[in-house]
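Novice: Please read through the structure below; I'll follow up with questions.
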Amino acid sequence: MAWNEPGNKGNDPWGNRGGNDQGPPDLDQVFRKLSSRFGGNRGGGISAAAVGIAAILLALVWGLSGFYKIEEAERGVVLRFGEYYELVEPGLGWKATFIDEVTPVNVNNIRELPASGMMLTMDENVVAVQMKVQYRITDPRAYLFNVTNPDESLNEAMDSALRYVVGHTTMDDILTTGREQVRQDTRVELEGIIEPYGLGLTVVDVNLLPARPPEEVKDAFDDAISAQEDEERFVREAEAYARAVEPEARGQVQRMEQEATAYRERVTLEAEGEVTRFVQLLPQYQAAPEVTRERLYLETMEKVFGNTSKVMVDTEGNGSMFYLPLDKIIERSSGKSAPRTGSTQVNDSSSLPSSTFNNNRSSSTRGGSVRQGRN
C-alpha cells in the first residue's frame, strides 16, 4: 500500500502524520530549523558568525587543495584559466585551485615505441621488419600542446621512415650485412620527419630487430644466409693466411735484395781492385816484360793448383810411377789426415811446408825421378 493511498496512517515524506494531506512544508520553516541548529535565532535567520566560520572553512579547504609536488624526474606545466602560464621545477608548490592546473611530465625516463609490418624492398621482395625507437621528452609544453597525440604521431612517423628506407634497400642487405645501415638511415629519416611538427621529443636510439622473409621462402633465404656466412668465414681465413705468409715472403724478398746488393758491391770492388792492380802492374811490365810475364804465370798456376788435387807422374823415366807420401807429410805438418781416393793420393800442395819441394827442380826416389810441377 502506498503512502498516499486511503487508509495509510504512516508518515509522509514531508513530515505530516496521520491521513491529513497538508502538502510540502514551507521553505522558510526549513531554513529556520537549520539556523536554529547552528546557533541562530529562531526568528532572525542565519547569523553572521556562522557565515564567517563557513567562509573560513571553505578558504582553508581551498588553500590546502592547492598544494602539489613535482618529482625529481618531472617538470610541471602550469595552465591558468586553460592557457599555458609557466613551467615549474621539481619540488613542493602551490596553485590556485579552479584557476591554475598543473600537469607533471616525466622528462628523464626513456620511452620505447615499437613498429613492425610486412614491407616491400627495392628488389620487389616482401620482408617482415620490426623496429623499436627509444625517445625522451625534452620539451613538456610542446609535448602536451603542439599535437593532439605525440606518441601516435611518432609511431606513424617511424612507420613512414622505416617503409621509405626498406623500399630503397635490397632484401639481402636487410637480412645480412646492411642491417646497421638500415638502422642509421631510419633514424636520420625519422628525425627529419618529426622536426617540423615540434613534438617535444628527442630520439635516443633506433633498434632494428632481426628481419625475416615470408614463411614461403624462408628455407631458401636460410640457405642464402648460410652461404653468406661461409663466404665471410673463408674470407677471414684467407686474410689470416695472407697475414701469416706475407711477412715471411717480405723477409725473403728483403734478404734476397740484400744478398744481391752485397754481391753487386763485392763484384764491383773486385773489379775495381783488378783494374787498380793492372794499372799498378803496367809500369813493371813495360820495364821488364819477360820477368813480369813469368811472375804472372807462376802466380796464376799457384792459384790454380792451390785449389785442385794433384798427382805427380814421372814422364821422363822408365815408365814406372812413384808417388810421394803426401798424406804423411800433411799429417806431420798439420796433424790432419788427407782424404784418399783408391790408391791415388789427392792432396793440396799449398799445405806442404816450403822445404819439401823446390820450384823448377827434379828429385829422384829409388832410381826413378819425380818432377814437381810449378806452384
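Note on naming: chains are A, B, ... as they come in the C-alpha cells, residues start from 1 per chain, ligands start from 1 in the order shown.
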Which residues come within 9 Å of region 83-100 of chain A, counting only C-alpha atoms, excluding same-chain residues fewer than 3 positions away, as a list in words?

Specialist: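 In the requested form, the answer reads Trp62, Gly63, Leu64, Ser65, Gly66, Phe67, Tyr68, Lys69, Ile70, Glu71, Glu72, Ala73, Glu74, Arg75, Gly76, Val77, Val78, Leu79, Arg80, Pro140 and Arg141 of chain A.
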
Novice: Output as a PyMOL selection string all residues of region 200-278 of chain A that backbone DSSP marks as alpha helix (DSSP H).

Specialist: chain A and resi 218-278

Novice: Between A:Leu144, A:Leu269, A:Met131, A:Ile137, which one has atoms that come closest to Ala161 (chain A), using only C-alpha atoms?

Specialist: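 Once distances to Ala161 (chain A) are computed over only C-alpha atoms, the minimum belongs to A:Met131.
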
Novice: Would you compute the distance between CA of His168 (chain A) and CA of Asp205 (chain A)? Give it in Å to one decimal.

Specialist: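 Rounded to one decimal, the two atoms are 21.2 Å apart.
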
Novice: Write down as a PyMOL selection string the residues of region 30-273 of chain A whose backbone DSSP state falls under strand (DSSP E).

Specialist: chain A and resi 67-70+74-80+83-88+91-94+100-106+111-120+126-137+201-208

Novice: For the residues in that selection, give me C-alpha atoms as a short mmCIF file (atom, residue, chain, number, x, y, z; two decimals), in the first residue's frame.

Specialist:
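Saved result, again.cif, follows:
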data_model
loop_
_atom_site.label_atom_id
_atom_site.label_comp_id
_atom_site.auth_asym_id
_atom_site.auth_seq_id
_atom_site.Cartn_x
_atom_site.Cartn_y
_atom_site.Cartn_z
CA PHE A 67 49.49 22.17 -2.75
CA TYR A 68 51.20 19.82 -5.21
CA LYS A 69 54.54 18.05 -5.59
CA ILE A 70 56.70 17.64 -8.70
CA GLU A 74 59.38 15.52 -13.75
CA ARG A 75 58.59 19.05 -14.85
CA GLY A 76 55.24 20.72 -14.15
CA VAL A 77 53.29 22.52 -16.86
CA VAL A 78 51.05 25.20 -15.28
CA LEU A 79 47.86 26.30 -17.02
CA ARG A 80 45.98 29.40 -15.85
CA GLU A 83 46.19 28.76 -21.08
CA TYR A 84 49.88 27.93 -20.69
CA TYR A 85 51.37 30.01 -17.90
CA GLU A 86 54.79 28.61 -16.85
CA LEU A 87 57.00 25.56 -16.35
CA VAL A 88 57.82 24.64 -12.76
CA GLY A 91 59.70 20.31 -5.57
CA LEU A 92 56.65 21.31 -3.50
CA GLY A 93 54.45 24.07 -4.94
CA TRP A 94 51.07 25.70 -4.63
CA ASP A 100 45.56 27.02 -12.15
CA GLU A 101 46.10 23.47 -13.29
CA VAL A 102 49.48 21.64 -13.05
CA THR A 103 50.31 18.66 -15.26
CA PRO A 104 53.52 16.77 -14.36
CA VAL A 105 55.56 15.39 -17.28
CA ASN A 106 58.44 12.92 -16.85
CA ARG A 111 60.26 5.51 -23.50
CA GLU A 112 60.03 2.83 -26.16
CA LEU A 113 57.70 2.58 -29.11
CA PRO A 114 57.58 -0.46 -31.45
CA ALA A 115 56.82 -0.59 -35.15
CA SER A 116 56.51 -3.61 -37.43
CA GLY A 117 54.98 -4.76 -40.67
CA MET A 118 55.41 -6.55 -43.97
CA MET A 119 57.29 -4.18 -46.27
CA LEU A 120 58.36 -4.19 -49.91
CA VAL A 126 58.46 -8.80 -49.14
CA VAL A 127 60.15 -8.87 -45.75
CA ALA A 128 58.83 -8.71 -42.19
CA VAL A 129 60.61 -5.90 -40.34
CA GLN A 130 60.40 -4.98 -36.66
CA MET A 131 61.92 -1.90 -35.09
CA LYS A 132 61.81 -0.13 -31.74
CA VAL A 133 62.52 3.55 -31.20
CA GLN A 134 63.66 4.91 -27.85
CA TYR A 135 62.87 8.54 -27.10
CA ARG A 136 62.74 11.04 -24.26
CA ILE A 137 60.57 14.13 -23.69
CA LEU A 201 60.64 14.56 -28.28
CA THR A 202 64.27 13.56 -28.82
CA VAL A 203 65.09 10.21 -30.44
CA VAL A 204 67.67 8.42 -28.28
CA ASP A 205 68.18 5.27 -30.34
CA VAL A 206 66.59 3.12 -33.02
CA ASN A 207 66.89 -0.68 -32.72
CA LEU A 208 66.30 -2.86 -35.76
#

Novice: To one decimal place in Å, what is the distance between CA of Ile225 (chain A) and CA of Gly178 (chain A)?

Specialist: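 CA of Gly178 (chain A) lies at a distance of 12.8 Å from CA of Ile225 (chain A).
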
Novice: Can you measure CA of Val165 (chain A) to CA of Arg179 (chain A) for me? One decimal in Å is fine.

Specialist: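 Separation of CA of Val165 (chain A) and CA of Arg179 (chain A): 11.0 Å.
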